[in-house]
file structure_10.cif (mmCIF, C-alpha atoms)
data_final
loop_
_atom_site.label_atom_id
_atom_site.label_comp_id
_atom_site.auth_asym_id
_atom_site.auth_seq_id
_atom_site.Cartn_x
_atom_site.Cartn_y
_atom_site.Cartn_z
CA LEU C 1 -9.37 -6.79 18.33
CA GLY C 2 -5.74 -5.90 17.75
CA GLU C 3 -6.21 -2.42 19.20
CA GLN C 4 -8.04 -3.83 22.23
CA ASP C 5 -5.21 -6.27 22.75
CA LEU C 6 -2.66 -3.45 22.79
CA ASP C 7 -4.79 -1.30 25.07
CA SER C 8 -5.27 -4.13 27.55
CA GLY C 9 -1.59 -4.15 28.46
CA THR C 10 -1.51 -7.95 28.28
CA THR C 11 -0.77 -9.37 24.89
CA VAL C 12 -2.72 -12.47 23.96
CA ILE C 13 -0.36 -15.44 23.79
CA PRO C 14 -1.21 -18.00 21.09
CA HIS C 15 -2.04 -21.46 22.39
CA LEU C 16 1.15 -22.82 20.88
CA LEU C 17 3.14 -20.70 23.30
CA ARG C 18 1.15 -21.96 26.28
CA ASP C 19 1.09 -25.62 25.33
CA GLY C 20 3.90 -26.10 22.83
CA ILE C 21 6.88 -24.73 24.76
CA SER C 22 5.95 -26.36 28.05
CA SER C 23 5.45 -29.77 26.46
CA HIS C 24 8.47 -29.59 24.13
CA LYS C 25 10.93 -27.85 26.43
CA GLY C 26 14.03 -29.96 26.70
CA LYS C 27 12.99 -32.09 23.75
CA ASN C 28 15.83 -30.85 21.57
CA GLU C 29 19.38 -30.01 22.53
CA LYS C 30 20.09 -28.78 19.02
CA SER C 31 20.57 -25.08 18.34
CA ILE C 32 19.47 -23.14 15.29
CA ALA C 33 20.92 -19.86 14.02
CA ILE C 34 18.64 -17.41 12.26
CA ILE C 35 20.34 -14.76 10.14
CA GLY C 36 18.07 -11.73 9.81
CA SER C 37 15.01 -10.62 11.74
CA GLY C 38 12.58 -9.60 9.03
CA PRO C 39 9.20 -11.33 8.76
CA ALA C 40 10.81 -14.49 7.34
CA GLY C 41 13.50 -14.73 10.01
CA LEU C 42 11.12 -14.02 12.89
CA THR C 43 8.64 -16.58 11.60
CA ALA C 44 11.29 -19.27 11.22
CA ALA C 45 12.58 -18.53 14.71
CA TYR C 46 9.10 -18.71 16.23
CA PHE C 47 8.13 -22.06 14.70
CA LEU C 48 11.49 -23.64 15.48
CA ARG C 49 11.33 -22.44 19.07
CA ILE C 50 7.88 -23.90 19.71
CA LYS C 51 9.25 -27.19 18.41
CA GLY C 52 11.74 -27.10 21.27
CA TYR C 53 14.93 -25.93 19.57
CA GLU C 54 17.30 -23.39 21.05
CA VAL C 55 17.12 -20.46 18.64
CA THR C 56 19.41 -17.46 18.27
CA ILE C 57 18.70 -14.56 15.90
CA PHE C 58 21.64 -12.57 14.52
CA GLU C 59 20.68 -9.06 13.44
CA LYS C 60 22.76 -6.24 11.99
CA GLU C 61 20.50 -3.42 13.19
CA LYS C 62 19.76 -2.32 16.76
CA GLN C 63 16.12 -3.40 16.47
CA LEU C 64 14.38 -6.43 15.07
CA GLY C 65 11.87 -6.24 12.25
CA GLY C 66 13.91 -5.94 9.07
CA GLU C 67 11.86 -4.62 6.17
CA LEU C 68 8.84 -4.17 8.43
CA ARG C 69 10.73 -1.44 10.26
CA HIS C 70 13.17 -0.03 7.74
CA SER C 71 11.18 0.25 4.51
CA GLU C 72 8.00 1.83 3.20
CA LEU C 73 6.10 -0.85 5.14
CA ALA C 74 6.98 1.02 8.32
CA GLU C 75 4.54 3.77 7.31
CA LYS C 76 1.65 1.28 7.40
CA LEU C 77 2.69 -0.63 10.52
CA PRO C 78 3.09 1.45 13.71
CA SER C 79 6.32 0.69 15.54
CA GLU C 80 4.50 0.05 18.82
CA VAL C 81 2.40 -2.65 17.18
CA LEU C 82 5.48 -4.26 15.65
CA ASP C 83 7.32 -4.13 18.97
CA ARG C 84 4.50 -5.90 20.79
CA GLU C 85 4.29 -8.62 18.17
CA ILE C 86 8.06 -9.17 18.29
CA ASP C 87 7.92 -9.34 22.10
CA VAL C 88 5.45 -12.24 21.85
CA ILE C 89 7.95 -14.11 19.68
CA LEU C 90 10.96 -13.35 21.89
CA ASN C 91 9.09 -14.33 25.04
CA THR C 92 9.21 -17.94 23.88
CA GLY C 93 12.87 -17.93 24.85
CA ILE C 94 14.60 -16.86 21.64
CA LYS C 95 18.02 -15.28 22.02
CA VAL C 96 19.12 -12.25 19.99
CA GLU C 97 22.54 -10.85 19.12
CA TYR C 98 22.48 -7.33 17.68
CA GLY C 99 25.04 -5.44 15.62
CA ILE C 100 26.20 -8.50 13.71
CA ASP C 101 27.59 -7.69 10.27
CA VAL C 102 26.86 -10.91 8.43
CA ASP C 103 29.18 -12.12 5.70
CA LEU C 104 30.26 -15.51 4.39
CA GLU C 105 33.04 -15.82 6.93
CA PHE C 106 30.68 -15.14 9.83
CA ILE C 107 28.18 -17.73 8.66
CA GLU C 108 31.00 -20.23 8.24
CA SER C 109 32.08 -19.56 11.83
CA LEU C 110 28.67 -20.71 13.06
CA GLN C 111 29.07 -24.26 11.79
CA ASP C 112 30.59 -25.58 15.01
CA LYS C 113 27.98 -23.92 17.22
CA PHE C 114 24.69 -24.68 15.49
CA SER C 115 23.00 -27.71 14.01
CA ALA C 116 21.46 -25.67 11.19
CA ILE C 117 21.41 -22.11 9.90
CA VAL C 118 18.48 -20.28 8.36
CA VAL C 119 19.62 -17.39 6.19
CA ALA C 120 16.73 -14.95 5.94
CA THR C 121 18.63 -11.97 4.64
CA ALA C 122 20.45 -11.02 1.45
CA VAL C 123 23.98 -12.43 1.43
CA PRO C 124 26.29 -11.67 -1.53
CA LYS C 125 27.60 -14.63 -3.50
CA PHE C 126 25.45 -17.12 -1.66
CA GLU C 127 26.33 -19.79 -4.21
CA VAL C 128 29.92 -19.65 -2.92
CA LEU C 129 28.63 -20.28 0.58
CA GLY C 130 26.68 -23.29 -0.61
CA ALA C 131 29.78 -24.72 -2.24
CA LYS C 132 31.78 -24.29 0.95
CA PHE C 133 29.26 -26.25 2.99
CA LYS C 134 28.49 -28.88 0.38
CA ASN C 135 30.37 -31.61 2.21
CA LYS C 136 29.67 -30.41 5.76
CA ASP C 137 27.32 -32.09 8.22
CA ILE C 138 25.58 -28.79 8.89
CA ARG C 139 22.88 -27.67 6.51
CA ILE C 140 22.08 -24.11 5.49
CA PHE C 141 18.53 -23.14 4.64
CA PRO C 142 18.26 -19.97 2.55
CA VAL C 143 14.93 -18.16 2.52
CA GLN C 144 14.15 -16.43 -0.75
CA ASN C 145 13.61 -12.73 -0.29
CA SER C 146 10.17 -11.21 -0.85
CA LYS C 147 8.86 -7.67 -0.64
CA LEU C 148 5.46 -9.08 0.33
CA ALA C 149 5.37 -9.55 4.10
CA ILE C 150 2.78 -12.33 3.98
CA GLN C 151 4.86 -14.25 1.44
CA ALA C 152 7.99 -13.77 3.54
CA VAL C 153 6.14 -15.17 6.56
CA ALA C 154 5.07 -18.23 4.58
CA ARG C 155 8.63 -18.84 3.40
CA GLY C 156 9.99 -18.47 6.91
CA LYS C 157 7.49 -21.01 8.23
CA ASN C 158 8.36 -23.40 5.44
CA ALA C 159 12.07 -23.09 6.29
CA ALA C 160 11.30 -24.00 9.91
CA PHE C 161 9.55 -27.18 8.76
CA GLU C 162 12.51 -28.02 6.50
CA VAL C 163 15.00 -27.62 9.34
CA ASP C 164 12.93 -29.77 11.68
CA GLN C 165 12.55 -32.48 9.05
CA TYR C 166 16.26 -32.44 8.25
CA LEU C 167 17.38 -32.67 11.88
CA ASN C 168 14.99 -35.54 12.53
CA GLY C 169 16.26 -37.54 9.57
CA LYS C 170 13.08 -37.12 7.55
CA GLU C 171 12.61 -36.24 3.92
CA VAL C 172 12.89 -32.47 3.58
CA ARG C 173 9.61 -31.39 2.00
CA GLY C 174 8.70 -28.25 3.93
CA GLU C 175 5.32 -27.46 5.41
CA PRO C 176 2.69 -30.12 4.66
CA LYS C 177 0.10 -29.00 2.15
CA ARG C 178 -3.22 -29.16 3.96
CA PHE C 179 -5.38 -28.24 1.00
CA ASN C 180 -5.11 -28.98 -2.69
CA SER C 181 -7.66 -27.59 -5.12
CA ARG C 182 -6.21 -29.48 -8.07
CA PHE C 183 -7.77 -32.64 -9.42
CA GLY C 184 -5.58 -35.45 -10.60
CA LYS C 185 -6.80 -37.84 -13.25
CA LEU C 186 -10.08 -39.32 -12.04
CA MET C 187 -10.80 -43.02 -12.39
CA GLN C 188 -14.17 -43.91 -13.89
CA PRO C 189 -15.86 -44.68 -10.51
CA GLU C 190 -14.52 -41.42 -9.10
CA PHE C 191 -15.70 -39.52 -12.17
CA GLU C 192 -19.21 -40.91 -11.81
CA GLU C 193 -19.27 -40.00 -8.11
CA TYR C 194 -18.09 -36.50 -8.91
CA LEU C 195 -20.83 -35.99 -11.52
CA LYS C 196 -23.56 -36.82 -9.00
CA GLU C 197 -23.33 -33.25 -7.74
CA SER C 198 -23.55 -31.73 -11.20
CA THR C 199 -26.62 -30.42 -12.98
CA GLU C 200 -28.04 -31.53 -16.29
CA GLN C 201 -28.74 -27.94 -17.30
CA SER C 202 -26.47 -26.27 -19.79
CA ARG C 203 -23.83 -23.86 -18.59
CA ILE C 204 -25.05 -20.36 -17.80
CA GLU C 205 -22.99 -17.54 -19.24
CA PRO C 206 -23.41 -14.33 -17.20
CA PRO C 207 -24.09 -11.20 -19.25
CA PHE C 208 -21.12 -8.95 -19.73
CA ASP C 209 -21.64 -5.29 -20.50
CA THR C 210 -18.40 -3.38 -21.06
CA SER C 211 -20.19 -0.08 -20.58
CA THR C 212 -20.89 -0.88 -16.92
CA THR C 213 -17.50 -2.28 -15.95
CA LEU C 214 -14.85 -0.35 -14.10
CA SER C 215 -11.70 0.56 -15.98
#
call {"tool": "encode", "arguments": {"input": "structure_10.cif", "output": "structure tokens"}}
result
Amino acid sequence: LGEQDLDSGTTVIPHLLRDGISSHKGKNEKSIAIIGSGPAGLTAAYFLRIKGYEVTIFEKEKQLGGELRHSELAEKLPSEVLDREIDVILNTGIKVEYGIDVDLEFIESLQDKFSAIVVATAVPKFEVLGAKFKNKDIRIFPVQNSKLAIQAVARGKNAAFEVDQYLNGKEVRGEPKRFNSRFGKLMQPEFEEYLKESTEQSRIEPPFDTSTTLS
């Protein structure tokens, strides 16, 4: 499907871009700065933009993509595919400033221009930055680095939820957990209800032959 999408010349726009931006446009006058344009930064920018925020990405390189473009991951992800995916994100109305050499002083200079800053890139001595902004109204949201693209995407999305919650005066908890496979302590009525689906047969232990397993 992905190859057909590229060949069609018209990239499929997710429904959030069709419905979300149009219905939320003008909802927020607050601006968010995103430092870094790797998978985490792009994801945070996307989800904040569809919530109606004005978003600006600051990137050191001449192209967006971060580790997806400038590491061994680039060998597995063709640049034309990456470019098309990034275009979908930018077409939501996200602004980009290239050639920005980010340091603590630069991030500090953003405090009067943005309501929040998402730092999705490695910044030396980040603990010093946190101390500087401890008593400021602005809040900085660091995204922990990850070499796994899918994990970086998840962390970027979570940062977007945290920013939105913070700016709306809500408890900052990140993305809501939609599924939990863990059981808490069951009360007796719950325990009885749960056992209705069980079997009275003893547990079956599957045979295990080490001679037929793969090393």
call {"tool": "atom_distance", "arguments": {"input": "structure_10.cif", "atom1": "atom CA of Glu97 of chain C", "atom2": "atom CA of Gly36 of chain C"}}
result
10.4 Å
call {"tool": "resolve_selection", "arguments": {"input": "structure_10.cif", "expression": "the PyMOL selection byres ((chain C and resi 159) around 9)", "output": "list in words"}}
result
Ala40, Ala44, Val118, Phe141, Pro142, Val143, Ala154, Arg155, Gly156, Lys157, Asn158, Ala160, Phe161, Glu162, Val163, Asp164, Gly174 and Glu175 of chain C
call {"tool": "residues_near_point", "arguments": {"input": "structure_10.cif", "point": "(6.3, -2.2, 15.8)", "cutoff": "12 Å", "atoms": "only C-alpha atoms", "output": "list of chain:residue names"}}
result
C:Leu6, C:Gly38, C:Pro39, C:Gln63, C:Leu64, C:Gly65, C:Gly66, C:Glu67, C:Leu68, C:Arg69, C:His70, C:Leu73, C:Ala74, C:Glu75, C:Lys76, C:Leu77, C:Pro78, C:Ser79, C:Glu80, C:Val81, C:Leu82, C:Asp83, C:Arg84, C:Glu85, C:Ile86, C:Asp87, C:Val88
call {"tool": "resolve_selection", "arguments": {"input": "structure_10.cif", "expression": "the PyMOL selection byres ((chain C and resi 106) around 12)", "output": "list in words"}}
result
Ala33, Ile35, Phe58, Ile100, Asp101, Val102, Asp103, Leu104, Glu105, Ile107, Glu108, Ser109, Leu110, Gln111, Asp112, Lys113, Ile117, Val119, Val123 and Leu129 of chain C
call {"tool": "axis_aligned_box", "arguments": {"input": "structure_10.cif", "around": "segment 69-84 of chain C", "padding_each_side": "4 Å", "output": "JSON"}}
result
{"center_x": 7.4, "center_y": -1.1, "center_z": 12.0, "size_x": 19.5, "size_y": 17.7, "size_z": 25.6}
call {"tool": "atom_distance", "arguments": {"input": "structure_10.cif", "atom1": "atom CA of Lys62 of chain C", "atom2": "atom CA of Gly93 of chain C"}}
result
18.9 Å
call {"tool": "atom_distance", "arguments": {"input": "structure_10.cif", "atom1": "atom CA of Ser37 of chain C", "atom2": "atom CA of Tyr53 of chain C"}}
result
17.2 Å
call {"tool": "closest_residue", "arguments": {"input": "structure_10.cif", "among": "C:Gln165, C:Lys147, C:Arg139, C:Asp7", "to": "Leu48 of chain C", "atoms": "all atoms listed in the file"}}
result
C:Gln165
call {"tool": "closest_residue", "arguments": {"input": "structure_10.cif", "among": "C:Asp5, C:Glu171, C:Ala120, C:Gly99", "to": "Ile34 of chain C", "atoms": "all atoms listed in the file"}}
result
C:Ala120
call {"tool": "closest_residue", "arguments": {"input": "structure_10.cif", "among": "C:Asn91, C:Gln4, C:Ser71, C:Ser31", "to": "Ala149 of chain C", "atoms": "all atoms listed in the file"}}
result
C:Ser71
call {"tool": "decode", "arguments": {"input": "structure_10.cif", "residues": "segment 47-97 of chain C", "atoms": "N, CA and C atoms", "output": "tab-separated table (two decimals), in the first residue's frame"}}
result
chain	number	residue	atom	x	y	z
C	47	PHE	N	1.40	16.00	16.41
C	47	PHE	CA	0.27	15.88	17.32
C	47	PHE	C	-0.07	17.22	17.98
C	48	LEU	N	0.90	18.08	18.18
C	48	LEU	CA	0.60	19.40	18.72
C	48	LEU	C	-0.09	20.27	17.67
C	49	ARG	N	0.33	20.12	16.43
C	49	ARG	CA	-0.29	20.92	15.36
C	49	ARG	C	-1.75	20.56	15.16
C	50	ILE	N	-2.07	19.26	15.17
C	50	ILE	CA	-3.47	18.89	14.94
C	50	ILE	C	-4.35	19.23	16.14
C	51	LYS	N	-3.70	19.61	17.26
C	51	LYS	CA	-4.47	20.11	18.40
C	51	LYS	C	-4.68	21.62	18.30
C	52	GLY	N	-4.12	22.22	17.24
C	52	GLY	CA	-4.37	23.63	17.00
C	52	GLY	C	-3.27	24.58	17.39
C	53	TYR	N	-2.14	24.08	17.89
C	53	TYR	CA	-1.05	24.95	18.29
C	53	TYR	C	-0.23	25.40	17.08
C	54	GLU	N	0.37	26.58	17.20
C	54	GLU	CA	1.35	27.01	16.21
C	54	GLU	C	2.67	26.35	16.56
C	55	VAL	N	3.23	25.62	15.63
C	55	VAL	CA	4.43	24.82	15.92
C	55	VAL	C	5.57	25.21	15.00
C	56	THR	N	6.75	25.39	15.59
C	56	THR	CA	7.95	25.67	14.82
C	56	THR	C	9.03	24.67	15.20
C	57	ILE	N	9.61	24.03	14.18
C	57	ILE	CA	10.71	23.08	14.38
C	57	ILE	C	12.03	23.80	14.12
C	58	PHE	N	12.98	23.62	15.00
C	58	PHE	CA	14.33	24.17	14.83
C	58	PHE	C	15.28	23.00	14.59
C	59	GLU	N	15.95	23.04	13.44
C	59	GLU	CA	16.79	21.92	13.02
C	59	GLU	C	18.18	22.42	12.60
C	60	LYS	N	19.19	21.71	13.04
C	60	LYS	CA	20.57	22.08	12.74
C	60	LYS	C	20.93	21.77	11.29
C	61	GLU	N	20.44	20.63	10.77
C	61	GLU	CA	20.80	20.20	9.43
C	61	GLU	C	19.96	20.93	8.36
C	62	LYS	N	20.28	20.66	7.11
C	62	LYS	CA	19.55	21.28	6.00
C	62	LYS	C	18.29	20.51	5.63
C	63	GLN	N	18.13	19.30	6.18
C	63	GLN	CA	16.96	18.49	5.93
C	63	GLN	C	16.43	17.94	7.24
C	64	LEU	N	15.13	17.69	7.27
C	64	LEU	CA	14.52	17.10	8.45
C	64	LEU	C	14.66	15.59	8.43
C	65	GLY	N	14.54	14.97	9.56
C	65	GLY	CA	14.59	13.51	9.62
C	65	GLY	C	15.49	12.98	10.73
C	66	GLY	N	16.48	13.77	11.12
C	66	GLY	CA	17.36	13.34	12.20
C	66	GLY	C	18.01	11.99	11.94
C	67	GLU	N	17.89	11.09	12.92
C	67	GLU	CA	18.52	9.78	12.82
C	67	GLU	C	17.97	8.95	11.66
C	68	LEU	N	16.76	9.24	11.25
C	68	LEU	CA	16.18	8.49	10.13
C	68	LEU	C	16.93	8.77	8.83
C	69	ARG	N	17.60	9.91	8.77
C	69	ARG	CA	18.29	10.30	7.55
C	69	ARG	C	19.80	10.23	7.67
C	70	HIS	N	20.30	10.38	8.88
C	70	HIS	CA	21.76	10.52	9.05
C	70	HIS	C	22.39	9.39	9.84
C	71	SER	N	21.77	8.24	9.90
C	71	SER	CA	22.36	7.10	10.60
C	71	SER	C	22.19	5.85	9.74
C	72	GLU	N	22.51	4.70	10.35
C	72	GLU	CA	22.37	3.45	9.61
C	72	GLU	C	20.93	3.17	9.22
C	73	LEU	N	19.98	3.84	9.86
C	73	LEU	CA	18.57	3.66	9.51
C	73	LEU	C	18.29	4.13	8.09
C	74	ALA	N	19.11	5.08	7.61
C	74	ALA	CA	18.90	5.62	6.28
C	74	ALA	C	19.05	4.55	5.20
C	75	GLU	N	19.81	3.49	5.49
C	75	GLU	CA	20.00	2.42	4.52
C	75	GLU	C	18.73	1.59	4.35
C	76	LYS	N	17.87	1.59	5.37
C	76	LYS	CA	16.64	0.80	5.32
C	76	LYS	C	15.43	1.62	4.89
C	77	LEU	N	15.54	2.94	4.99
C	77	LEU	CA	14.42	3.81	4.67
C	77	LEU	C	14.82	4.74	3.52
C	78	PRO	N	14.31	4.49	2.31
C	78	PRO	CA	14.65	5.34	1.16
C	78	PRO	C	14.32	6.80	1.43
C	79	SER	N	15.20	7.69	0.99
C	79	SER	CA	15.01	9.12	1.25
C	79	SER	C	13.72	9.65	0.65
C	80	GLU	N	13.31	9.11	-0.51
C	80	GLU	CA	12.08	9.61	-1.12
C	80	GLU	C	10.84	9.26	-0.30
C	81	VAL	N	10.90	8.12	0.36
C	81	VAL	CA	9.79	7.73	1.24
C	81	VAL	C	9.75	8.65	2.46
C	82	LEU	N	10.91	8.88	3.05
C	82	LEU	CA	11.00	9.76	4.21
C	82	LEU	C	10.54	11.17	3.86
C	83	ASP	N	10.95	11.66	2.70
C	83	ASP	CA	10.56	13.01	2.29
C	83	ASP	C	9.05	13.14	2.16
C	84	ARG	N	8.41	12.14	1.59
C	84	ARG	CA	6.96	12.19	1.42
C	84	ARG	C	6.24	12.17	2.76
C	85	GLU	N	6.73	11.36	3.67
C	85	GLU	CA	6.12	11.29	5.00
C	85	GLU	C	6.29	12.61	5.75
C	86	ILE	N	7.47	13.22	5.63
C	86	ILE	CA	7.71	14.50	6.28
C	86	ILE	C	6.83	15.59	5.67
C	87	ASP	N	6.63	15.53	4.35
C	87	ASP	CA	5.76	16.52	3.69
C	87	ASP	C	4.34	16.48	4.25
C	88	VAL	N	3.85	15.27	4.53
C	88	VAL	CA	2.50	15.14	5.10
C	88	VAL	C	2.42	15.89	6.43
C	89	ILE	N	3.48	15.76	7.25
C	89	ILE	CA	3.52	16.44	8.54
C	89	ILE	C	3.60	17.95	8.37
C	90	LEU	N	4.47	18.41	7.48
C	90	LEU	CA	4.66	19.85	7.29
C	90	LEU	C	3.43	20.51	6.67
C	91	ASN	N	2.69	19.76	5.88
C	91	ASN	CA	1.51	20.32	5.22
C	91	ASN	C	0.39	20.67	6.20
C	92	THR	N	0.54	20.30	7.45
C	92	THR	CA	-0.44	20.70	8.45
C	92	THR	C	-0.26	22.16	8.85
C	93	GLY	N	0.85	22.75	8.42
C	93	GLY	CA	1.09	24.15	8.75
C	93	GLY	C	2.22	24.38	9.72
C	94	ILE	N	3.10	23.40	9.85
C	94	ILE	CA	4.24	23.51	10.76
C	94	ILE	C	5.35	24.34	10.09
C	95	LYS	N	5.93	25.24	10.86
C	95	LYS	CA	7.03	26.05	10.38
C	95	LYS	C	8.36	25.38	10.70
C	96	VAL	N	9.37	25.66	9.88
C	96	VAL	CA	10.69	25.06	10.10
C	96	VAL	C	11.77	26.12	9.94
C	97	GLU	N	12.73	26.12	10.83
C	97	GLU	CA	13.92	26.95	10.71
C	97	GLU	C	15.14	26.04	10.68
